[in-house]
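Encoded as structure tokens, the structure appears first; notes follow it.
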Amino acid sequence: MVGIVPGGAAMSSSYSSAAILGEELANSELLGGIAASCLTMGAAISAIPLARVMAERGRRPGISGGYLLAALGAVLCLTSAQIGWYPLLVLGMLGIGLGYASNMAARFASADLAEEPGAAIGTLIWASTFGSVLGPVLGFGPIRSIGTSLGLKELSGPYLLSAILFCVAALIIHLFLRPDPLMVSGGIGRAAERAPLRSFIRPVLLNPEGRLAVGAMVVGHVVMVGLMTMLPLHMRAGDHGLETIGYCISLHIIGMYAFSPLVGRLVDRLGSHRMIAVGSILLAVGAVLAARNEAHHSVGAFVGMFLIGIGWSCGLIASSALLVRTFDGPDRIGIQGLADMCMTAGGASAGVTSGLVLAVTTFPSLGYGATVIGLLPALAILRRWWSVRSLA
């Protein structure tokens with residue numbers, strides 16, 4: 001919990017400024033969206049390799065190593081802002097994606113020894129609230145001022161903060177995550193974890209619970225990333241300042257993380273299926289409110305993104321707990337890595353697609369499309385419930 005606070009702050013600080021910096025460097029909203037989506041793309045690329053490292057050596061070296069590589073990515077982004085070179089921003093955001101993958105892997109580390117995985121995952125995600133909310137506020141506020149006083153460009157501040165905090169997170173995990181959860185649970189060094197990727201795909205595809213869990217993760221990430229990537233550009237077009245944009249992203253992140261302990265307990269009490277459905281409905285309602293918000297207004301954006309954050313939290317915690325309960329054999333770490341890869345790849349695709357949509361149409365069109373996607377898990381669960389009731 002202590003280690004994930006600076007890790008979350010570093011990630012949110014980097015992500016909140018990526019689209020704006022990318023647009024400024026490349027003079028293109030599309031390329032701005034691609035730069036921001038590289039964070040989730042980097043997480044998708046690194047999810048399986050990170051899972052293999054943890055299966056071979058434990059959670060501690062995997063998570064702390066991911067944070068260190070993310071710090072290097074933040075330095076590359078800072079350099080990109082200074083010299084005005086867009087490709088370096090893309091490379092740096094891919095590196096920061098390793099920090100995101102480490103944050104995601106930490107939720108499974110919290111469930112390695114837990115009797116109630118929903119509550120354990122929810123509590124760990126809740127710990128991300130403090131850092132993730134402060135990241136954009138500090139990056140666009142005092143750190144930006146400190147950076148400019150040191151001769152840095154305005155958008156270098158968030159990446160300076162990220163580089164420092166990723167190093168802090170790596171140090172905390174390396175020193176204090178002892179004993180390693182996988183060592184205690186006997187999950188290190190299993191031969192099954194060294195199997196090829198396709199060996200993890202088949203069990204998920206053949207299991208209805210596995211399909212639902214991974215599908216809900218992907219949908220939540222697609223809606224959340226697709227709208228959060230383009231919202232700063234939409235608000236900037238309405239003459240909102242960086243501070244207002246930072247507060248909106250922070251409120252969204254509060255929705256993502258602050259209610260996680262309650263969501264986790266509800267998952268354990270009410271079941272994963274019900275909470276996945278609740279999260280799906282919240283995603284859709286939030287997307288509608290964000291879509292109806294005019295660029296020069298902010299209330300709809302604030303409320304909509306807040307609800308999307310809560311919906312994402314319900315879906316992620318419920319589907320992660322469902323995955324933990326469904327797959328507990330020697331291949332569980334590989335399946336967890338596969339789920340994170342699918343989730344973050346969906347988010348990366350949404351970031352790129354949202355840039356394309358905004359380039360040819362409007363932000364409301366993007367929001368209404370996200371509404372339809374957000375409802376898919378609820379519809380799938382409703383269909384399953386209806387089929388069971390018909391058979392009865």
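Here's how to read the names in the structure tokens: chain A, B, ... by the order shown, residue numbers from 1 in each chain, ligand numbers from 1 in the order shown.
Neighbouring residues of Gly271 of chain A at 9 Å or closer, counting only C-alpha atoms and skipping chain neighbours under 5 positions away, are Leu266, Ile276, Ala318 and Leu322 of chain A.
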Quick one: write out the picked residues with C-alpha atoms as a JSON list (two decimals), in the first residue's frame?
[["chain", "number", "residue", "atom", "x", "y", "z"],
["A", 266, "LEU", "CA", -19.53, -5.65, -1.93],
["A", 276, "ILE", "CA", -19.62, -6.09, -12.87],
["A", 318, "ALA", "CA", -15.06, -7.59, -9.43],
["A", 322, "LEU", "CA", -13.51, -13.44, -10.30]]
Atom pair atom CA of Ser260 of chain A / atom CA of Gly73 of chain A: separation (Å):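 Atom CA of Gly73 of chain A lies 28.5 Å from atom CA of Ser260 of chain A.
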Selection near Ala10 of chain A, 8 Å with only C-alpha atoms, sequence-local residues under 4 positions removed, as a PyMOL selection string: chain A and resi 6+14+131-132+135+159+161-166
Output of the above residues as a PDB file, in the first residue's frame, restricted to N, CA and C atoms:
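This is the output file result_19.pdb:
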ATOM      1  N   PRO A   6       3.268   6.436  -4.229  1.00  0.00           N
ATOM      2  CA  PRO A   6       4.093   7.209  -5.166  1.00  0.00           C
ATOM      3  C   PRO A   6       4.038   6.663  -6.580  1.00  0.00           C
ATOM      4  N   SER A  14       2.163  11.723 -15.202  1.00  0.00           N
ATOM      5  CA  SER A  14       2.635  11.575 -16.581  1.00  0.00           C
ATOM      6  C   SER A  14       1.484  11.538 -17.572  1.00  0.00           C
ATOM      7  N   GLY A 131      -1.964   9.084  -4.019  1.00  0.00           N
ATOM      8  CA  GLY A 131      -0.965   9.470  -5.000  1.00  0.00           C
ATOM      9  C   GLY A 131      -1.561   9.842  -6.338  1.00  0.00           C
ATOM     10  N   SER A 132      -2.551   9.066  -6.796  1.00  0.00           N
ATOM     11  CA  SER A 132      -3.099   9.289  -8.126  1.00  0.00           C
ATOM     12  C   SER A 132      -3.864  10.600  -8.217  1.00  0.00           C
ATOM     13  N   GLY A 135      -1.129  13.460  -8.089  1.00  0.00           N
ATOM     14  CA  GLY A 135      -0.219  13.520  -9.232  1.00  0.00           C
ATOM     15  C   GLY A 135      -0.512  14.641 -10.205  1.00  0.00           C
ATOM     16  N   TYR A 159       6.703  15.345 -15.499  1.00  0.00           N
ATOM     17  CA  TYR A 159       7.617  14.219 -15.728  1.00  0.00           C
ATOM     18  C   TYR A 159       8.789  14.240 -14.754  1.00  0.00           C
ATOM     19  N   LEU A 161       8.371  15.167 -11.646  1.00  0.00           N
ATOM     20  CA  LEU A 161       7.721  14.557 -10.488  1.00  0.00           C
ATOM     21  C   LEU A 161       7.625  13.039 -10.655  1.00  0.00           C
ATOM     22  N   SER A 162       7.261  12.590 -11.850  1.00  0.00           N
ATOM     23  CA  SER A 162       7.095  11.154 -12.088  1.00  0.00           C
ATOM     24  C   SER A 162       8.399  10.392 -11.912  1.00  0.00           C
ATOM     25  N   ALA A 163       9.491  10.931 -12.463  1.00  0.00           N
ATOM     26  CA  ALA A 163      10.777  10.242 -12.367  1.00  0.00           C
ATOM     27  C   ALA A 163      11.184  10.050 -10.908  1.00  0.00           C
ATOM     28  N   ILE A 164      10.994  11.088 -10.094  1.00  0.00           N
ATOM     29  CA  ILE A 164      11.367  10.992  -8.683  1.00  0.00           C
ATOM     30  C   ILE A 164      10.502   9.969  -7.958  1.00  0.00           C
ATOM     31  N   LEU A 165       9.189  10.032  -8.189  1.00  0.00           N
ATOM     32  CA  LEU A 165       8.267   9.182  -7.445  1.00  0.00           C
ATOM     33  C   LEU A 165       8.367   7.714  -7.858  1.00  0.00           C
ATOM     34  N   PHE A 166       8.627   7.450  -9.131  1.00  0.00           N
ATOM     35  CA  PHE A 166       8.819   6.054  -9.537  1.00  0.00           C
ATOM     36  C   PHE A 166      10.033   5.451  -8.815  1.00  0.00           C
TER      37      PHE A 166
END
What is the atom CA of Met230 of chain A to atom CA of Ile317 of chain A distance in Å? 24.9 Å
Rank nothing, just name the residue among A:Gly66, A:Gly118, A:Pro61, A:Gly84 nearest to Ile96 of chain A, using only C-alpha atoms.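 Counting only C-alpha atoms, the residue closest to Ile96 of chain A is A:Gly66.
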Given only C-alpha atoms as the basis, pick out the residue of A:Leu89, A:Thr79, A:Ala378, A:Gly351 nearest to Thr229 of chain A.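 Result for the nearest residue to Thr229 of chain A: A:Gly351.
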Interatomic distance, atom CA of Glu56 of chain A to atom CA of Ala127 of chain A (Å, one decimal):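 We find that atom CA of Glu56 of chain A and atom CA of Ala127 of chain A lie 26.9 Å from each other.
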Please list as a list in words every residue within 12 Å of Ala237 of chain A, counting only C-alpha atoms and excluding residues in the same chain fewer than 5 positions away.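 Using only C-alpha atoms, the neighbours found are Ile20, Glu29, Met230, Leu231, Pro232, Leu242, Ile245, Glu294, Ala295, His296, His297, Ser298, Thr362 and Phe363 of chain A.
Considering the residues A:Val90, A:Ile249, A:Ile4, A:Leu270 and counting only C-alpha atoms, Ser128 of chain A has its shortest atom-to-atom contact with A:Ile4.
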